[in-house]
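Colleague: Quick one, coords_3.cif (mmCIF, C-alpha atoms):
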data_my_file
loop_
_atom_site.label_atom_id
_atom_site.label_comp_id
_atom_site.auth_asym_id
_atom_site.auth_seq_id
_atom_site.Cartn_x
_atom_site.Cartn_y
_atom_site.Cartn_z
CA MET A 1 0.00 0.00 0.00
CA ASP A 2 1.46 3.40 -0.95
CA SER A 3 1.74 6.18 1.61
CA GLU A 4 -1.22 8.23 0.36
CA ALA A 5 -3.56 5.23 0.28
CA LEU A 6 -2.44 4.33 3.79
CA ALA A 7 -3.13 7.83 5.08
CA ALA A 8 -6.56 7.87 3.41
CA GLU A 9 -7.45 4.51 4.99
CA TYR A 10 -6.38 5.86 8.39
CA VAL A 11 -8.74 8.82 7.97
CA LEU A 12 -11.61 6.53 6.95
CA LEU A 13 -10.91 4.33 9.96
CA GLY A 14 -11.06 7.33 12.28
CA LEU A 15 -14.39 8.40 10.77
CA ARG A 16 -15.75 4.89 11.23
CA PHE A 17 -14.84 5.02 14.92
CA ASP A 18 -16.68 8.34 15.10
CA ARG A 19 -19.76 6.75 13.58
CA LEU A 20 -19.59 4.08 16.27
CA VAL A 21 -19.04 6.60 19.09
CA ARG A 22 -20.03 10.17 18.24
CA GLY A 23 -17.25 12.55 19.25
CA PHE A 24 -14.41 10.07 18.71
CA ALA A 25 -13.29 12.29 15.82
CA ASP A 26 -12.88 15.52 17.73
CA SER A 27 -12.49 17.39 14.44
CA TYR A 28 -12.46 16.57 10.75
CA THR A 29 -11.48 19.09 8.09
CA GLY A 30 -10.83 16.83 5.13
CA ASP A 31 -12.77 15.81 2.03
CA PRO A 32 -16.50 15.79 2.91
CA LEU A 33 -16.99 12.94 0.46
CA LEU A 34 -15.08 10.63 2.78
CA ARG A 35 -17.44 11.41 5.66
CA ALA A 36 -20.39 10.93 3.31
CA GLN A 37 -18.97 7.58 2.23
CA VAL A 38 -18.73 6.39 5.84
CA ALA A 39 -22.23 7.63 6.62
CA VAL A 40 -23.86 5.27 4.09
CA GLU A 41 -21.77 2.21 4.98
CA PRO A 42 -23.26 -0.59 7.12
CA PRO A 43 -22.77 0.11 10.84
CA PRO A 44 -19.16 -0.67 11.74
CA GLU A 45 -18.28 -3.58 14.01
CA PRO A 46 -15.67 -2.80 16.70
CA ALA A 47 -13.73 -6.04 16.19
CA ARG A 48 -13.43 -5.32 12.46
CA LEU A 49 -12.20 -1.80 13.20
CA ALA A 50 -9.56 -3.21 15.55
CA ALA A 51 -8.45 -5.68 12.87
CA ALA A 52 -8.28 -2.89 10.29
CA ALA A 53 -6.10 -0.80 12.62
CA ARG A 54 -3.78 -3.76 13.16
CA HIS A 55 -3.53 -4.34 9.39
CA LEU A 56 -2.76 -0.68 8.67
CA ARG A 57 -0.12 -0.62 11.38
CA ALA A 58 1.62 -3.54 9.69
CA GLU A 59 1.40 -1.71 6.36
CA ALA A 60 2.94 1.40 7.94
CA ALA A 61 5.98 -0.61 9.00
CA THR A 62 6.94 -1.29 5.37
CA ALA A 63 5.43 1.72 3.54
CA ASP A 64 7.61 4.43 2.02
CA LEU A 65 7.10 6.97 4.81
CA ALA A 66 9.35 9.58 6.37
CA GLU A 67 10.20 8.40 9.88
CA PRO A 68 8.18 11.09 11.76
CA ARG A 69 5.14 10.20 9.66
CA ARG A 70 5.60 6.46 10.25
CA ARG A 71 6.01 7.03 13.99
CA PHE A 72 2.84 9.14 14.16
CA LEU A 73 0.66 6.71 12.19
CA THR A 74 1.99 3.67 14.07
CA ALA A 75 1.23 5.28 17.42
CA GLN A 76 -2.26 6.35 16.35
CA LEU A 77 -3.13 2.95 14.87
CA THR A 78 -1.95 1.15 18.01
CA ALA A 79 -4.40 3.30 19.97
CA LEU A 80 -7.24 2.67 17.53
CA GLU A 81 -6.72 -1.08 17.75
CA CYS A 82 -6.98 -0.85 21.54
CA SER A 83 -10.19 1.20 21.33
CA GLY A 84 -11.71 -1.28 18.91
CA ARG A 85 -10.88 -4.19 21.19
CA LYS A 86 -12.40 -2.38 24.18
CA MET A 87 -15.56 -1.53 22.23
CA ALA A 88 -15.83 -5.18 21.17
CA GLY A 89 -16.08 -6.15 24.83
CA GLU A 90 -12.51 -7.26 25.51
CA GLN A 91 -11.38 -6.66 29.08
CA LEU A 92 -7.97 -5.00 29.39
CA PRO A 93 -6.13 -3.92 32.54
CA PHE A 94 -6.61 -0.18 32.82
CA ALA A 95 -2.87 0.58 32.81
CA ALA A 96 -2.45 -1.44 29.59
CA GLU A 97 -5.35 0.47 28.01
CA VAL A 98 -3.75 3.81 28.88
CA GLU A 99 -0.35 2.74 27.59
CA ALA A 100 -1.78 1.54 24.27
CA CYS A 101 -3.94 4.61 23.78
CA PHE A 102 -1.55 7.31 24.96
CA GLN A 103 2.04 5.96 24.98
CA VAL A 104 2.38 6.81 28.68
CA SER A 105 2.56 4.69 31.85
CA PRO A 106 0.33 6.17 34.55
CA SER A 107 1.27 5.88 38.22
CA MET A 108 0.00 7.17 41.54
CA GLY A 109 1.42 10.40 42.86
CA ASP A 110 3.45 10.91 46.04
CA PRO A 111 1.41 11.87 49.14
CA ASP A 112 4.54 13.34 50.73
CA GLU A 113 4.83 15.76 47.80
CA TYR A 114 1.15 16.63 48.27
CA ARG A 115 1.80 17.35 51.95
CA ARG A 116 4.73 19.63 51.08
CA ALA A 117 2.54 21.51 48.60
CA HIS A 118 -0.16 21.90 51.28
CA ARG A 119 2.38 23.35 53.70
CA GLU A 120 3.47 25.89 51.08
CA LEU A 121 -0.15 26.78 50.41
CA ALA A 122 -0.74 27.26 54.11
CA ALA A 123 2.09 29.80 54.18
CA LEU A 124 0.62 31.65 51.20
CA LEU A 125 -3.06 31.78 52.12
CA PRO A 126 -4.31 34.45 54.52
CA GLY A 127 -6.85 33.91 57.28
CA ARG A 128 -7.70 31.06 59.63
CA GLY A 129 -9.55 27.81 59.35
CA SER A 130 -8.81 24.72 57.30
CA LEU A 131 -6.65 24.94 54.20
CA ALA A 132 -9.65 24.19 51.99
CA GLU A 133 -11.68 26.97 53.64
CA ARG A 134 -8.86 29.49 53.23
CA LEU A 135 -8.39 28.55 49.58
CA ARG A 136 -12.13 28.91 48.92
CA ALA A 137 -12.07 32.32 50.62
CA VAL A 138 -9.28 33.53 48.33
CA ARG A 139 -11.04 32.12 45.28
CA ARG A 140 -14.32 33.87 46.14
CA ARG A 141 -12.56 37.22 45.83
CA ASP A 142 -12.02 36.97 42.06
CA VAL A 143 -15.18 35.22 40.89
CA VAL A 144 -16.26 36.51 37.47
CA PRO A 145 -19.98 37.41 37.63
CA ALA A 146 -22.08 35.32 35.26
CA ASP A 147 -23.25 38.40 33.39
CA ARG A 148 -19.61 39.47 32.86
CA LEU A 149 -18.24 36.08 31.79
CA ALA A 150 -18.62 36.59 28.04
CA VAL A 151 -16.94 40.01 28.02
CA ALA A 152 -14.15 38.74 30.32
CA VAL A 153 -13.46 35.82 27.99
CA GLN A 154 -13.30 38.15 25.00
CA ALA A 155 -10.94 40.55 26.77
CA VAL A 156 -8.51 37.81 27.76
CA SER A 157 -8.73 36.22 24.31
CA SER A 158 -7.92 39.49 22.57
CA ALA A 159 -4.89 40.11 24.77
CA LEU A 160 -3.57 36.57 24.29
CA ARG A 161 -4.20 36.65 20.54
CA ASP A 162 -2.06 39.78 20.20
CA ARG A 163 0.82 38.01 21.94
CA VAL A 164 0.45 34.81 19.93
CA ARG A 165 0.32 36.66 16.61
CA THR A 166 3.62 38.34 17.49
CA ARG A 167 5.39 35.32 18.96
CA PHE A 168 4.14 32.38 16.90
CA GLU A 169 2.19 33.85 13.97
CA LEU A 170 -1.35 32.92 12.97
CA PRO A 171 -2.87 32.25 9.54
CA VAL A 172 -4.64 35.20 7.94
CA GLY A 173 -8.35 35.19 8.71
CA GLU A 174 -8.25 32.86 11.72
CA THR A 175 -11.13 33.42 14.15
CA VAL A 176 -12.56 32.05 17.39
CA GLU A 177 -16.23 32.33 18.31
CA TYR A 178 -16.99 31.91 22.01
CA ARG A 179 -20.24 30.50 23.41
CA ILE A 180 -21.32 30.35 27.05
CA VAL A 181 -22.99 27.00 27.77
CA SER A 182 -24.11 24.93 30.78
CA ASP A 183 -24.61 21.33 31.83
CA ARG A 184 -21.35 19.98 30.37
CA PRO A 185 -18.76 17.60 31.93
CA TRP A 186 -15.88 20.00 31.17
CA SER A 187 -15.02 23.66 31.85
CA GLY A 188 -14.20 24.55 28.24
CA PHE A 189 -14.14 22.82 24.85
CA ASN A 190 -12.67 23.71 21.47
CA HIS A 191 -14.64 22.73 18.37
CA TYR A 192 -12.31 23.21 15.41
CA LEU A 193 -14.30 23.81 12.22
CA GLY A 194 -11.48 23.98 9.69
CA GLY A 195 -10.52 26.96 7.57
CA PHE A 196 -8.75 28.42 10.64
CA ARG A 197 -12.04 28.77 12.56
CA SER A 198 -12.99 27.48 16.00
CA LYS A 199 -15.99 27.59 18.28
CA VAL A 200 -14.99 27.53 21.94
CA ALA A 201 -17.66 26.62 24.47
CA VAL A 202 -17.19 27.87 28.05
CA ASN A 203 -19.21 26.07 30.71
CA ALA A 204 -20.75 28.68 33.02
CA ASP A 205 -21.67 26.03 35.63
CA VAL A 206 -18.05 25.70 36.73
CA GLY A 207 -17.99 29.19 38.27
CA HIS A 208 -15.07 30.86 36.52
CA ARG A 209 -12.57 33.09 38.29
CA ALA A 210 -10.25 35.81 37.08
CA SER A 211 -7.29 33.76 38.36
CA THR A 212 -8.15 30.74 36.15
CA LEU A 213 -9.85 32.25 33.09
CA PRO A 214 -6.53 33.18 31.37
CA GLN A 215 -5.41 29.56 31.63
CA LEU A 216 -8.69 28.31 30.13
CA VAL A 217 -8.58 30.73 27.18
CA ALA A 218 -4.90 30.00 26.56
CA HIS A 219 -5.68 26.27 26.66
CA GLU A 220 -8.63 26.33 24.27
CA ALA A 221 -7.57 29.11 21.90
CA TYR A 222 -4.32 31.12 22.09
CA PRO A 223 -1.82 29.44 21.86
CA GLY A 224 -3.55 26.14 22.68
CA HIS A 225 -5.97 23.98 20.68
CA HIS A 226 -7.17 26.58 18.19
CA THR A 227 -3.64 27.75 17.41
CA GLU A 228 -2.35 24.20 17.05
CA HIS A 229 -5.19 23.23 14.69
CA CYS A 230 -4.67 26.36 12.60
CA ARG A 231 -0.91 25.96 12.23
CA LYS A 232 -1.13 22.24 11.48
CA GLU A 233 -3.84 22.83 8.90
CA ALA A 234 -1.71 25.52 7.27
CA GLY A 235 1.50 23.46 7.38
CA LEU A 236 0.95 19.71 7.57
CA VAL A 237 -2.32 19.63 5.62
CA ARG A 238 -2.27 22.45 3.05
CA ARG A 239 1.48 22.75 2.48
CA ASP A 240 2.67 19.16 3.01
CA ARG A 241 -0.52 17.34 1.92
CA LEU A 242 -0.47 14.97 4.91
CA VAL A 243 -4.14 14.02 4.94
CA GLU A 244 -3.88 12.07 8.21
CA HIS A 245 -3.86 15.43 9.96
CA THR A 246 -7.31 16.34 8.68
CA VAL A 247 -8.76 14.24 11.50
CA PHE A 248 -8.09 14.56 15.23
CA LEU A 249 -9.01 11.45 17.19
CA VAL A 250 -9.57 11.25 20.94
CA ASN A 251 -7.93 8.52 23.03
CA THR A 252 -4.80 8.55 20.87
CA PRO A 253 -1.20 9.70 21.51
CA GLN A 254 -1.73 12.99 19.66
CA CYS A 255 -4.04 13.99 22.53
CA VAL A 256 -1.21 13.81 25.08
CA LEU A 257 0.79 16.35 23.09
CA ALA A 258 -2.27 18.50 22.36
CA GLU A 259 -3.36 18.73 26.00
CA GLY A 260 0.19 19.22 27.24
CA LEU A 261 0.89 22.09 24.87
CA ALA A 262 -2.50 23.62 25.65
CA ASP A 263 -1.89 23.46 29.41
CA LEU A 264 1.46 25.14 28.80
CA GLY A 265 -0.16 27.83 26.65
CA LEU A 266 -0.17 30.59 29.25
CA HIS A 267 3.44 29.76 30.13
CA ALA A 268 4.38 29.99 26.43
CA ALA A 269 2.41 33.15 25.59
CA VAL A 270 3.02 35.22 28.74
CA GLY A 271 5.30 33.31 31.11
CA PRO A 272 6.34 34.62 34.54
CA GLY A 273 4.32 37.67 35.49
CA TRP A 274 1.10 36.38 33.94
CA GLY A 275 -0.76 37.18 37.17
CA PRO A 276 -0.14 40.96 37.18
CA TRP A 277 -0.63 40.95 33.38
CA ALA A 278 -4.07 39.38 33.82
CA ALA A 279 -4.92 41.72 36.71
CA GLU A 280 -4.54 44.72 34.39
CA ILE A 281 -6.96 43.20 31.89
CA PHE A 282 -9.57 42.48 34.56
CA ALA A 283 -9.13 45.87 36.21
CA ASP A 284 -10.48 47.49 33.03
CA LEU A 285 -13.61 45.35 33.49
CA GLY A 286 -14.05 46.22 37.15
CA ILE A 287 -13.05 42.70 38.27
CA ARG A 288 -10.52 42.47 41.10
CA LEU A 289 -7.56 40.07 40.91
CA ASP A 290 -4.49 39.86 43.12
CA GLY A 291 -2.31 38.72 40.24
CA GLU A 292 0.87 38.06 42.20
CA LEU A 293 -0.91 35.88 44.76
CA ALA A 294 -2.85 34.05 42.04
CA GLU A 295 0.37 33.22 40.21
CA ARG A 296 2.08 31.95 43.36
CA ILE A 297 -0.90 29.80 44.32
CA ASP A 298 -1.12 28.36 40.81
CA ALA A 299 2.56 27.34 40.91
CA VAL A 300 1.92 25.30 44.06
CA LEU A 301 -1.35 23.79 42.82
CA LEU A 302 0.39 22.52 39.67
CA ARG A 303 2.32 20.15 41.92
CA LEU A 304 -1.03 18.61 42.91
CA LEU A 305 -1.95 17.85 39.28
CA PRO A 306 -1.17 14.10 39.70
CA VAL A 307 -4.03 13.84 42.21
CA ARG A 308 -6.41 13.78 39.23
CA GLN A 309 -4.61 10.77 37.80
CA ASP A 310 -4.69 9.12 41.23
CA ALA A 311 -8.47 9.40 41.10
CA LEU A 312 -8.54 7.87 37.63
CA LEU A 313 -6.40 4.90 38.69
CA MET A 314 -8.46 4.40 41.84
CA LEU A 315 -11.69 4.42 39.87
CA HIS A 316 -10.75 2.24 36.91
CA GLY A 317 -7.64 0.40 38.08
CA ASP A 318 -8.42 -0.41 41.71
CA GLY A 319 -12.20 -0.49 41.49
CA ALA A 320 -12.60 2.06 44.28
CA ASP A 321 -16.11 3.32 44.89
CA GLU A 322 -17.05 6.86 43.99
CA ALA A 323 -17.12 8.05 47.60
CA ALA A 324 -13.45 7.10 48.10
CA VAL A 325 -12.42 8.82 44.86
CA VAL A 326 -14.34 11.98 45.74
CA ALA A 327 -12.76 11.97 49.21
CA HIS A 328 -9.27 11.69 47.68
CA LEU A 329 -9.92 14.67 45.41
CA GLN A 330 -11.33 16.69 48.30
CA ARG A 331 -8.44 15.87 50.59
CA TRP A 332 -5.51 16.54 48.30
CA LEU A 333 -6.91 18.96 45.69
CA LEU A 334 -8.91 20.83 48.34
CA MET A 335 -11.84 20.52 45.96
CA PRO A 336 -15.47 21.14 46.96
CA GLU A 337 -17.55 17.96 46.93
CA GLN A 338 -19.74 19.12 44.04
CA ARG A 339 -16.71 19.88 41.87
CA ALA A 340 -15.11 16.56 42.79
CA ARG A 341 -18.26 14.67 41.80
CA HIS A 342 -18.36 16.62 38.53
CA LEU A 343 -14.80 15.49 37.78
CA VAL A 344 -15.59 11.86 38.63
CA GLY A 345 -18.57 12.08 36.28
CA PHE A 346 -16.17 13.05 33.48
CA MET A 347 -13.97 10.08 34.36
CA ARG A 348 -16.97 7.74 34.16
CA ASP A 349 -17.99 8.89 30.68
CA PRO A 350 -17.30 5.94 28.32
CA LEU A 351 -15.55 8.14 25.76
CA TRP A 352 -13.50 10.19 28.23
CA ARG A 353 -12.85 7.64 30.97
CA ALA A 354 -9.06 7.51 30.48
CA TYR A 355 -8.61 11.00 29.11
CA THR A 356 -7.56 12.71 32.37
CA THR A 357 -4.15 11.05 31.92
CA THR A 358 -3.47 13.28 28.92
CA TYR A 359 -3.57 16.41 31.08
CA VAL A 360 -1.29 15.00 33.77
CA GLU A 361 1.24 13.16 31.62
CA GLY A 362 1.10 15.67 28.76
CA TYR A 363 1.95 18.60 31.02
CA ARG A 364 4.64 16.67 32.87
CA LEU A 365 6.35 15.42 29.71
CA LEU A 366 6.24 18.67 27.74
CA ARG A 367 7.20 20.92 30.65
CA ARG A 368 10.36 18.85 31.03
CA TRP A 369 10.94 18.91 27.25
CA LEU A 370 10.62 22.71 27.17
CA ASP A 371 12.84 23.18 30.22
CA GLU A 372 15.57 20.79 29.07
CA ARG A 373 15.96 22.26 25.60
CA PRO A 374 19.38 22.80 24.01
CA ALA A 375 21.06 26.07 24.96
CA SER A 376 20.81 27.24 21.35
CA THR A 377 17.02 26.78 21.24
CA SER A 378 14.60 29.35 22.64
CA SER A 379 11.47 28.39 24.56
CA ALA A 380 9.37 29.91 21.77
CA ASP A 381 11.15 27.82 19.13
CA ARG A 382 10.62 24.68 21.17
CA TYR A 383 6.91 25.42 21.66
CA ARG A 384 6.53 26.24 17.96
CA ARG A 385 7.58 22.68 17.17
CA LEU A 386 4.65 21.41 19.23
CA LEU A 387 2.31 23.58 17.16
CA ASP A 388 3.77 22.49 13.84
CA GLU A 389 5.18 18.95 13.99
CA PRO A 390 3.45 15.54 14.22
CA LEU A 391 5.15 14.59 17.49
CA VAL A 392 4.04 11.76 19.79
CA PRO A 393 5.12 11.00 23.38
CA GLU A 394 7.62 8.38 22.21
CA SER A 395 9.46 10.87 20.00
CA VAL A 396 9.55 13.49 22.76
CA ARG A 397 10.97 10.97 25.23
CA ALA A 398 13.57 9.93 22.63
CA GLU A 399 14.74 13.55 22.34
CA LEU A 400 14.93 13.86 26.12
CA ALA A 401 17.01 10.67 26.30
CA THR A 402 19.64 12.20 24.03
CA ARG A 403 20.07 15.06 26.54
CA VAL A 404 20.97 12.73 29.41
#
Rewrite the structure of this file - the entire thing - as structure tokens.
Modeller:
Amino acid sequence: MDSEALAAEYVLLGLRFDRLVRGFADSYTGDPLLRAQVAVEPPPEPARLAAAARHLRAEAATADLAEPRRRFLTAQLTALECSGRKMAGEQLPFAAEVEACFQVSPSMGDPDEYRRAHRELAALLPGRGSLAERLRAVRRRDVVPADRLAVAVQAVSSALRDRVRTRFELPVGETVEYRIVSDRPWSGFNHYLGGFRSKVAVNADVGHRASTLPQLVAHEAYPGHHTEHCRKEAGLVRRDRLVEHTVFLVNTPQCVLAEGLADLGLHAAVGPGWGPWAAEIFADLGIRLDGELAERIDAVLLRLLPVRQDALLMLHGDGADEAAVVAHLQRWLLMPEQRARHLVGFMRDPLWRAYTTTYVEGYRLLRRWLDERPASTSSADRYRRLLDEPLVPESVRAELATRV
């Protein structure tokens, strides 16, 4: 099978998974005739999809492909085979499922590190009472009123877009349309439409704050998901004609890189001092933010990120009941019960059940990759590669290994 036929079959396979589970193809910007073709086919059978992924992976091993392209397709097809097997009813250990889908090995975090982070938070947070109560008190100070959420999102987006256009460049005509929604399992979601256009939904039920809204907008739009989709459409798809990048599939290794780069978006676009920078934006809207304190608290809370993966492993690996998982999130993430139950609901969703790993392992892997770059490479150049190249966790780890 030649390389172009292989790539086309990969796209068709991804669209067939999406027909089986709506939302599996997070975005598709390719030939509409391929989607139409899949729509009129007999309903796909998961076991046949798994077999097709296995066959295409074998074809990729011998096809005339540049090595980065081969590595990307092999990783994606390994994940699709795993998803097909799971959908066909095969029981896999949860750790094996995560490794096949995401090229990462999840593990529980260190409670001693969590305790150290709690002690640092205690020194930062004013007032008396429990640590959770003091954190909630600080967070109440910068709540964005529901009737100001849309204008706050637009203000932050505009400021970030200006920085991204200067630092990383954006295709001419790119746009993001924001919608405020409710009753969703996530806080924000990017719907990439193709043609350098995105719709970003912001879930008002979460209760957004001035201290966290910049991170959400950076993650979903500038320089996160929207920017990555735009630059890869301009480069990999339109310039290089790599049709496999017209489809973005959940529960695959590309998600680890996408979520990691998105979570590092505020770091890449603004960097140290983002708190005071954001405070100036919100001050113009009459919304108070202690930017310096917000930035210091965020730096400590990032060390508690593995708690989310703990919850995932408890739920799906150890078979813990929901009450124990919620209690773990409340204890170590200082999370209100309602928010903890909301997160567990996301982890129980059949499509998203393993996805929390991408945030934890993606951030951890790419933060190290950005920090341990060669002396001759700037942070912006390193981040630009994430926006432009078809990297997977395996290739990032290989680069890190050469630095040891």
Colleague: Could you jot down the CA of Val143 (chain A) to CA of Asn190 (chain A) separation for me, Å, one decimal place?
Modeller: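 Pair CA of Val143 (chain A) / CA of Asn190 (chain A) returns 22.7 Å.
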Colleague: Tell me, counting only C-alpha atoms, for each residue of region 167-193 of chain A within 12 Å of region 147-158 of chain A, which pair of atoms is nearest and how far apart they are in Å to one decimal, in rows ordered by chain and increasing number, as JSON lines.
Modeller:
{"residue": "A:Thr175", "atom": "CA", "partner": "A:Ser157", "partner_atom": "CA", "distance": 10.8}
{"residue": "A:Val176", "atom": "CA", "partner": "A:Ser157", "partner_atom": "CA", "distance": 8.9}
{"residue": "A:Glu177", "atom": "CA", "partner": "A:Gln154", "partner_atom": "CA", "distance": 9.3}
{"residue": "A:Tyr178", "atom": "CA", "partner": "A:Ala150", "partner_atom": "CA", "distance": 7.8}
{"residue": "A:Arg179", "atom": "CA", "partner": "A:Ala150", "partner_atom": "CA", "distance": 7.8}
{"residue": "A:Ile180", "atom": "CA", "partner": "A:Ala150", "partner_atom": "CA", "distance": 6.9}
{"residue": "A:Val181", "atom": "CA", "partner": "A:Ala150", "partner_atom": "CA", "distance": 10.5}
{"residue": "A:Gly188", "atom": "CA", "partner": "A:Val153", "partner_atom": "CA", "distance": 11.3}
Colleague: Please indicate the distance in Å from CA of Arg331 (chain A) to CA of Pro111 (chain A), rounded to one decimal place.
Modeller: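 Pair CA of Arg331 (chain A) / CA of Pro111 (chain A) returns 10.7 Å.
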Colleague: When you count all atoms listed in the file, which of these residues is closest to Leu80 (chain A): A:Arg119, A:Arg367, A:Arg16, A:Arg382?
Modeller: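 Among the listed residues, A:Arg16 lies closest to Leu80 (chain A).
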Colleague: In Å, with one decimal, what is the gap from CA of Leu213 (chain A) to CA of Val144 (chain A)?
Modeller: 8.9 Å
Colleague: Which residues would end up in the selection if the PyMOL selection byres ((chain A and resi 286) around 12) were applied here, given that I need the answer as a list in words?
Modeller: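 For this structure, the PyMOL selection byres ((chain A and resi 286) around 12) resolves to Asp142, Val143, Val144, Pro145, Arg148, Val151, Ala152, Ala210, Ala279, Glu280, Ile281, Phe282, Ala283, Asp284, Leu285, Ile287, Arg288 and Leu289 of chain A.
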